[in-house]
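Source file: data_1.txt (compact mmCIF, C-alpha atoms)
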```txt
# COMPACT_ATOMS: atom_id res chain seq x y z
CA MET A 173 16.30 0.34 -12.12
CA PHE A 174 18.02 3.30 -13.85
CA TYR A 175 14.72 5.21 -13.88
CA GLN A 176 14.27 4.63 -10.14
CA VAL A 177 17.78 5.88 -9.34
CA ILE A 178 17.25 9.09 -11.30
CA SER A 179 13.79 9.47 -9.80
CA TYR A 180 15.20 9.12 -6.28
CA LEU A 181 17.86 11.76 -6.91
CA LYS A 182 15.17 14.15 -8.16
CA PHE A 183 13.08 13.34 -5.08
CA LEU A 184 15.99 14.19 -2.77
CA LEU A 185 16.34 17.59 -4.42
CA LYS A 186 12.63 18.38 -4.02
CA SER A 187 11.98 16.89 -0.61
CA THR A 188 12.16 18.36 2.87
CA ASP A 189 12.07 17.11 6.44
CA LYS A 190 9.51 18.23 9.00
CA HIS A 191 11.24 21.59 9.52
CA GLY A 192 10.26 22.71 6.03
CA ILE A 193 6.57 21.92 6.51
CA HIS A 194 4.14 24.76 7.29
CA SER A 195 0.91 22.76 7.43
CA PRO A 196 0.08 21.91 11.09
CA PHE A 197 -1.67 18.69 10.00
CA VAL A 198 1.23 17.47 7.84
CA PHE A 199 3.84 18.61 10.38
CA ASP A 200 2.17 16.61 13.14
CA PHE A 201 1.83 13.58 10.86
CA THR A 202 5.53 13.80 10.00
CA ALA A 203 6.84 14.51 13.50
CA ASN A 204 4.61 12.10 15.41
CA CYS A 205 4.22 9.34 12.86
CA LEU A 206 6.68 9.22 9.98
CA ASP A 207 9.76 10.28 11.96
CA ILE A 208 9.25 8.22 15.10
CA LYS A 209 11.35 5.12 15.67
CA LEU A 210 9.24 2.00 15.52
CA ASN A 211 9.57 -0.10 18.65
CA LYS A 212 11.19 -3.41 17.66
CA THR A 213 8.68 -5.19 19.89
CA GLU A 214 5.71 -3.56 18.10
CA GLY A 215 3.16 -6.36 17.77
CA ILE A 216 2.10 -5.58 14.20
CA TYR A 217 5.68 -5.45 12.92
CA LEU A 218 6.70 -8.59 14.83
CA GLY A 219 3.83 -10.48 13.21
CA TYR A 220 5.00 -9.32 9.79
CA GLN A 221 8.61 -10.36 10.49
CA SER A 222 7.58 -13.80 11.67
CA TYR A 223 5.35 -14.45 8.66
CA LYS A 224 7.95 -13.12 6.22
CA SER A 225 10.61 -15.40 7.71
CA SER A 226 8.36 -18.40 7.14
CA LEU A 227 7.76 -17.34 3.52
CA LEU A 228 11.47 -16.86 2.84
CA ALA A 229 12.04 -20.44 4.01
CA ASP A 230 9.27 -21.87 1.80
CA LYS A 231 10.77 -23.46 -1.32
CA THR A 232 7.52 -24.70 -2.86
CA PHE A 233 6.37 -23.46 -6.28
CA ILE A 234 3.03 -22.02 -7.40
CA ASN A 235 1.79 -20.96 -10.83
CA ILE A 236 1.16 -17.22 -11.04
CA THR A 237 -1.41 -15.38 -13.15
CA ASP A 238 -0.19 -11.81 -13.59
CA PHE A 239 -2.83 -9.18 -14.45
CA GLY A 240 -0.54 -6.22 -13.84
CA ALA A 241 2.58 -4.66 -15.28
CA GLY A 242 4.55 -7.90 -15.14
CA SER A 243 7.69 -8.60 -13.13
CA LYS A 244 11.25 -7.48 -13.78
CA TYR A 245 12.51 -10.28 -11.53
CA PHE A 246 10.66 -13.33 -12.84
CA LYS A 247 10.82 -14.82 -16.33
CA SER A 248 8.37 -17.65 -15.66
CA ASN A 249 4.89 -17.86 -14.17
CA GLN A 250 6.03 -20.80 -12.03
CA ARG A 251 7.55 -19.11 -9.00
CA GLN A 252 8.97 -20.15 -5.66
CA ILE A 253 7.23 -18.78 -2.56
CA SER A 254 10.55 -17.64 -1.08
CA GLU A 255 11.40 -15.69 -4.24
CA ILE A 256 7.97 -14.03 -4.39
CA ALA A 257 8.37 -12.96 -0.76
CA LYS A 258 11.88 -11.65 -1.44
CA TYR A 259 11.17 -9.65 -4.58
CA ALA A 260 7.41 -8.95 -4.64
CA GLY A 261 6.47 -8.76 -0.97
CA ILE A 262 6.34 -5.50 0.98
CA SER A 263 9.85 -4.51 2.08
CA ASN A 264 10.89 -4.06 5.71
CA LYS A 265 11.12 -0.28 5.27
CA LYS A 266 7.64 -0.01 3.80
CA ALA A 267 6.28 -2.42 6.41
CA LYS A 268 7.56 -0.10 9.14
CA LEU A 269 6.06 2.94 7.42
CA LEU A 270 2.70 1.24 6.98
CA THR A 271 2.71 0.08 10.61
CA LYS A 272 3.35 3.61 11.85
CA ILE A 273 0.62 5.05 9.63
CA LEU A 274 -1.85 2.48 10.97
CA ASN A 275 -0.87 3.25 14.56
CA TYR A 276 -1.31 6.98 13.96
CA PHE A 277 -4.65 7.06 12.12
CA LYS A 278 -6.18 3.80 13.43
CA PRO A 279 -8.39 2.99 10.41
CA THR A 280 -11.03 0.33 11.01
CA ASN A 281 -12.41 -0.31 7.52
CA ILE A 282 -9.64 -1.08 5.04
CA LEU A 283 -9.49 -2.09 1.38
CA GLU A 284 -6.36 -3.61 -0.13
CA LEU A 285 -5.89 -3.97 -3.88
CA GLY A 286 -3.27 -6.69 -4.33
CA THR A 287 -3.05 -9.43 -1.69
CA SER A 288 -0.07 -11.34 -3.11
CA LEU A 289 1.14 -13.68 -0.32
CA GLY A 290 -0.61 -11.62 2.35
CA LEU A 291 2.31 -9.78 3.96
CA SER A 292 0.70 -6.35 3.81
CA SER A 293 -2.71 -7.92 4.50
CA LEU A 294 -1.28 -9.22 7.77
CA ILE A 295 -0.05 -5.75 8.74
CA LEU A 296 -3.37 -4.11 7.84
CA SER A 297 -5.45 -6.69 9.71
CA GLN A 298 -3.49 -6.45 12.96
CA GLN A 299 -4.55 -2.86 13.57
CA ASN A 300 -6.96 -3.05 16.51
CA ARG A 301 -10.57 -3.69 15.42
CA ALA A 302 -9.70 -3.32 11.72
CA LYS A 303 -11.78 -5.12 9.12
CA VAL A 304 -9.92 -5.73 5.88
CA ILE A 305 -11.16 -6.61 2.41
CA THR A 306 -8.28 -7.71 0.20
CA ILE A 307 -8.56 -8.42 -3.52
CA GLU A 308 -6.14 -10.50 -5.58
CA GLY A 309 -6.46 -11.41 -9.25
CA CYS A 310 -4.17 -14.45 -9.04
CA LYS A 311 -6.07 -17.35 -7.48
CA ALA A 312 -2.90 -19.23 -6.52
CA THR A 313 -1.46 -16.44 -4.39
CA SER A 314 -4.88 -15.49 -3.00
CA ASN A 315 -5.52 -19.07 -1.90
CA PHE A 316 -2.03 -19.29 -0.39
CA ALA A 317 -2.53 -16.07 1.58
CA GLN A 318 -6.00 -17.07 2.77
CA THR A 319 -4.81 -20.49 3.94
CA HIS A 320 -1.84 -19.14 5.86
CA LEU A 321 -3.48 -16.06 7.37
CA THR A 322 -6.51 -18.09 8.42
CA ALA A 323 -4.11 -20.47 10.17
CA LEU A 324 -2.86 -17.43 12.11
CA GLU A 325 -6.49 -16.83 13.19
CA LEU A 326 -6.78 -13.52 11.37
CA ASN A 327 -10.53 -13.74 11.01
CA SER A 328 -11.04 -10.04 10.26
CA VAL A 329 -9.82 -10.43 6.66
CA ARG A 330 -12.20 -11.06 3.77
CA PHE A 331 -10.40 -12.50 0.74
CA ILE A 332 -11.71 -11.91 -2.78
CA SER A 333 -10.01 -13.70 -5.66
CA ASP A 334 -10.89 -11.93 -8.89
CA GLU A 335 -9.78 -9.12 -11.18
CA PHE A 336 -10.08 -5.66 -9.61
CA SER A 337 -12.13 -4.35 -12.53
CA LYS A 338 -14.76 -7.03 -11.94
CA VAL A 339 -15.01 -6.58 -8.18
CA LEU A 340 -14.77 -2.83 -7.59
CA PRO A 341 -18.00 -1.66 -9.28
CA GLN A 342 -20.17 -3.57 -6.80
CA LEU A 343 -17.82 -3.29 -3.82
CA THR A 344 -17.68 0.50 -4.04
CA LYS A 345 -21.48 0.66 -3.90
CA GLU A 346 -21.59 -1.28 -0.64
CA HIS A 347 -18.71 0.09 1.44
CA GLN A 348 -17.05 3.19 2.77
CA PHE A 349 -13.37 2.87 3.70
CA ASP A 350 -11.03 4.63 6.12
CA LEU A 351 -7.97 3.47 4.20
CA VAL A 352 -7.41 2.09 0.70
CA TYR A 353 -4.03 0.53 -0.05
CA PHE A 354 -3.22 0.31 -3.78
CA ASP A 355 -0.61 -2.39 -4.40
CA GLY A 356 -1.58 -4.21 -7.57
CA ASN A 357 -1.41 -3.68 -11.33
CA HIS A 358 1.18 -0.89 -11.44
CA GLN A 359 0.10 0.49 -14.79
CA LYS A 360 -1.00 4.07 -15.44
CA GLU A 361 -4.46 3.50 -16.89
CA ALA A 362 -5.32 0.76 -14.41
CA THR A 363 -4.16 2.83 -11.42
CA LEU A 364 -6.25 5.81 -12.50
CA ASN A 365 -9.29 3.61 -13.11
CA TYR A 366 -9.06 1.99 -9.67
CA PHE A 367 -8.51 5.39 -8.06
CA ASN A 368 -11.63 6.84 -9.69
CA GLN A 369 -13.73 3.86 -8.66
CA CYS A 370 -12.48 3.98 -5.08
CA LEU A 371 -13.36 7.69 -4.82
CA LYS A 372 -16.94 6.50 -4.34
CA THR A 373 -15.94 5.02 -0.96
CA ILE A 374 -14.31 8.04 0.68
CA HIS A 375 -15.27 10.19 3.64
CA ASN A 376 -13.49 13.22 5.06
CA GLU A 377 -10.88 11.18 6.97
CA THR A 378 -10.18 8.56 4.30
CA ILE A 379 -6.56 7.89 3.35
CA PHE A 380 -5.36 6.47 0.04
CA ILE A 381 -1.88 4.91 0.01
CA PHE A 382 -0.27 4.12 -3.35
CA ASP A 383 2.66 1.73 -3.40
CA ASP A 384 5.65 2.18 -5.73
CA ILE A 385 4.70 5.53 -7.27
CA HIS A 386 8.27 5.80 -8.60
CA LEU A 387 8.36 2.26 -10.01
CA SER A 388 8.20 3.54 -13.59
CA LYS A 389 7.64 6.70 -15.59
CA ALA A 390 4.04 5.62 -16.27
CA MET A 391 3.36 4.93 -12.60
CA TYR A 392 4.70 8.33 -11.57
CA GLU A 393 2.60 9.99 -14.28
CA SER A 394 -0.50 8.32 -12.84
CA TRP A 395 0.39 9.68 -9.38
CA GLN A 396 0.90 13.20 -10.72
CA GLU A 397 -2.40 13.04 -12.57
CA LEU A 398 -4.52 11.66 -9.77
CA ILE A 399 -3.33 14.19 -7.16
CA LYS A 400 -4.78 16.94 -9.35
CA ASN A 401 -8.24 15.61 -8.54
CA PRO A 402 -10.13 18.34 -6.64
CA LYS A 403 -11.27 15.87 -3.98
CA ILE A 404 -7.66 15.39 -2.87
CA THR A 405 -6.64 18.26 -0.60
CA VAL A 406 -3.30 17.01 0.73
CA SER A 407 -0.90 14.70 -1.08
CA ILE A 408 2.48 13.47 0.13
CA ASP A 409 5.26 11.88 -1.88
CA LEU A 410 7.39 9.69 0.42
CA PHE A 411 9.09 8.12 -2.61
CA TYR A 412 8.18 4.61 -1.42
CA PHE A 413 4.52 5.55 -0.95
CA GLY A 414 2.22 8.24 -2.25
CA ILE A 415 -0.41 9.29 0.31
CA ALA A 416 -3.60 11.22 -0.46
CA PHE A 417 -6.02 12.86 1.98
CA PHE A 418 -9.52 14.22 1.41
CA ARG A 419 -9.86 16.54 4.42
CA THR A 420 -12.09 19.40 3.28
CA GLU A 421 -10.73 21.68 6.02
CA GLN A 422 -7.28 21.63 4.38
CA THR A 423 -6.15 23.86 1.54
CA LYS A 424 -4.81 21.94 -1.44
CA GLN A 425 -1.09 21.26 -1.00
CA HIS A 426 1.48 18.74 -2.20
CA PHE A 427 4.56 17.70 -0.24
CA TYR A 428 7.78 15.77 -0.87
CA ILE A 429 8.89 14.47 2.52
CA ARG A 430 12.05 12.63 3.60
CA THR A 431 11.50 10.46 6.63
CA ASN A 432 14.12 9.95 9.32
CA SER A 433 13.34 6.30 9.97
```
Represent the structure from my file as structure tokens, please.
Amino acid sequence: MFYQVISYLKFLLKSTDKHGIHSPFVFDFTANCLDIKLNKTEGIYLGYQSYKSSLLADKTFINITDFGAGSKYFKSNQRQISEIAKYAGISNKKAKLLTKILNYFKPTNILELGTSLGLSSLILSQQNRAKVITIEGCKATSNFAQTHLTALELNSVRFISDEFSKVLPQLTKEHQFDLVYFDGNHQKEATLNYFNQCLKTIHNETIFIFDDIHLSKAMYESWQELIKNPKITVSIDLFYFGIAFFRTEQTKQHFYIRTNS
């Protein structure tokens, strides 16, 4: 937690709002996406709120298999659904940000690394016409998410329960994605490995979103290293998310942006 506080203070010193942005593409993205107020009746966000409320009320336990960096909140692998939703699920602020990004870019082919209980999967799948592939290493949480999202008739989601390293080599040969959401195994080496594998799936308009880039020193180092890749032309640090673009018409630039909502 101390690292995150210091990291946030450093971010505030570096960051700007839309008035300090001189890239037309990034200015428009900030002004007409990141800074807009999300309508409280927005269908995607309402679906997320409803599902999250049901998870927070669920007191059943499941046994977790953790392939990532581990949890600072849980000491046992037997965890209550409500506690997982509270501490490990996508936060309301990030859910709003993700919803606005989906509304702005309208991706239709999406890959998610890290299903967990399916909160972010729900948001991703409710974008009109979107097809989502979501991968989760823990079979218990993957099965839980699949059961509950299927009950909500979200038939556009394909669930894969396996380790990322075992699935990605074949998956990246078969698909091209408009958006890849990285939200699993927050370790430096793993993040860089998954990033390099997913580079095989990009096109000019592809967006990579990295969750929790300021979670730890190692996670931030992975973000700083991957944005040096020559295929990334525009990268944005929102503190909560790191966003990478591959638009060849853009000159390489990096931004630290404070959002107003």
In terms of all atoms listed in the file, the residue from A:Ile404, A:Leu184, A:Ile193, A:Val198 at minimal distance from Asn368 in chain A is A:Ile404
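Considering all atoms listed in the file, the residue among A:Leu410, A:Phe199, A:His191, A:Gln348 positioned nearest to Lys265 in chain A is A:Leu410.
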For each of A:Leu340, A:Cys205, A:Ile374, A:Leu387, take the minimum atom-to-atom distance to Gln176 in chain A, counting all atoms listed in the file, then give the residue where this is smallest.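 Between A:Leu340, A:Cys205, A:Ile374, A:Leu387, the residue approaching Gln176 in chain A most closely is A:Leu387.
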Measuring atom to atom with all atoms listed in the file, identify which of A:Asn204, A:Phe233, A:Ser179, A:Ile399 is nearest to Lys424 in chain A.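 Looking at the shortest contact to Lys424 in chain A, the residue is A:Ile399.
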In Å, with one decimal, what is the gap from CA of Ser292 in chain A to CA of Tyr220 in chain A?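 Atom-to-atom, CA of Ser292 in chain A and CA of Tyr220 in chain A are spaced 7.9 Å apart.
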Counting all atoms listed in the file, the option among A:Ala390, A:Ile385, A:Leu351, A:Leu321 closest to Phe183 in chain A: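 Between A:Ala390, A:Ile385, A:Leu351, A:Leu321, the residue approaching Phe183 in chain A most closely is A:Ile385.
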For Lys345 in chain A, work out the shell of residues within 12 Å, counting only C-alpha atoms and skipping chain neighbours fewer than 6 positions away, then give it as a ChimeraX atom specification. /A:339,369-374
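The nearest approach to Thr313 in chain A among the residues A:Ala260, A:Leu296, A:Val329, A:Val177, with all atoms listed in the file taken into account, belongs to A:Ala260.
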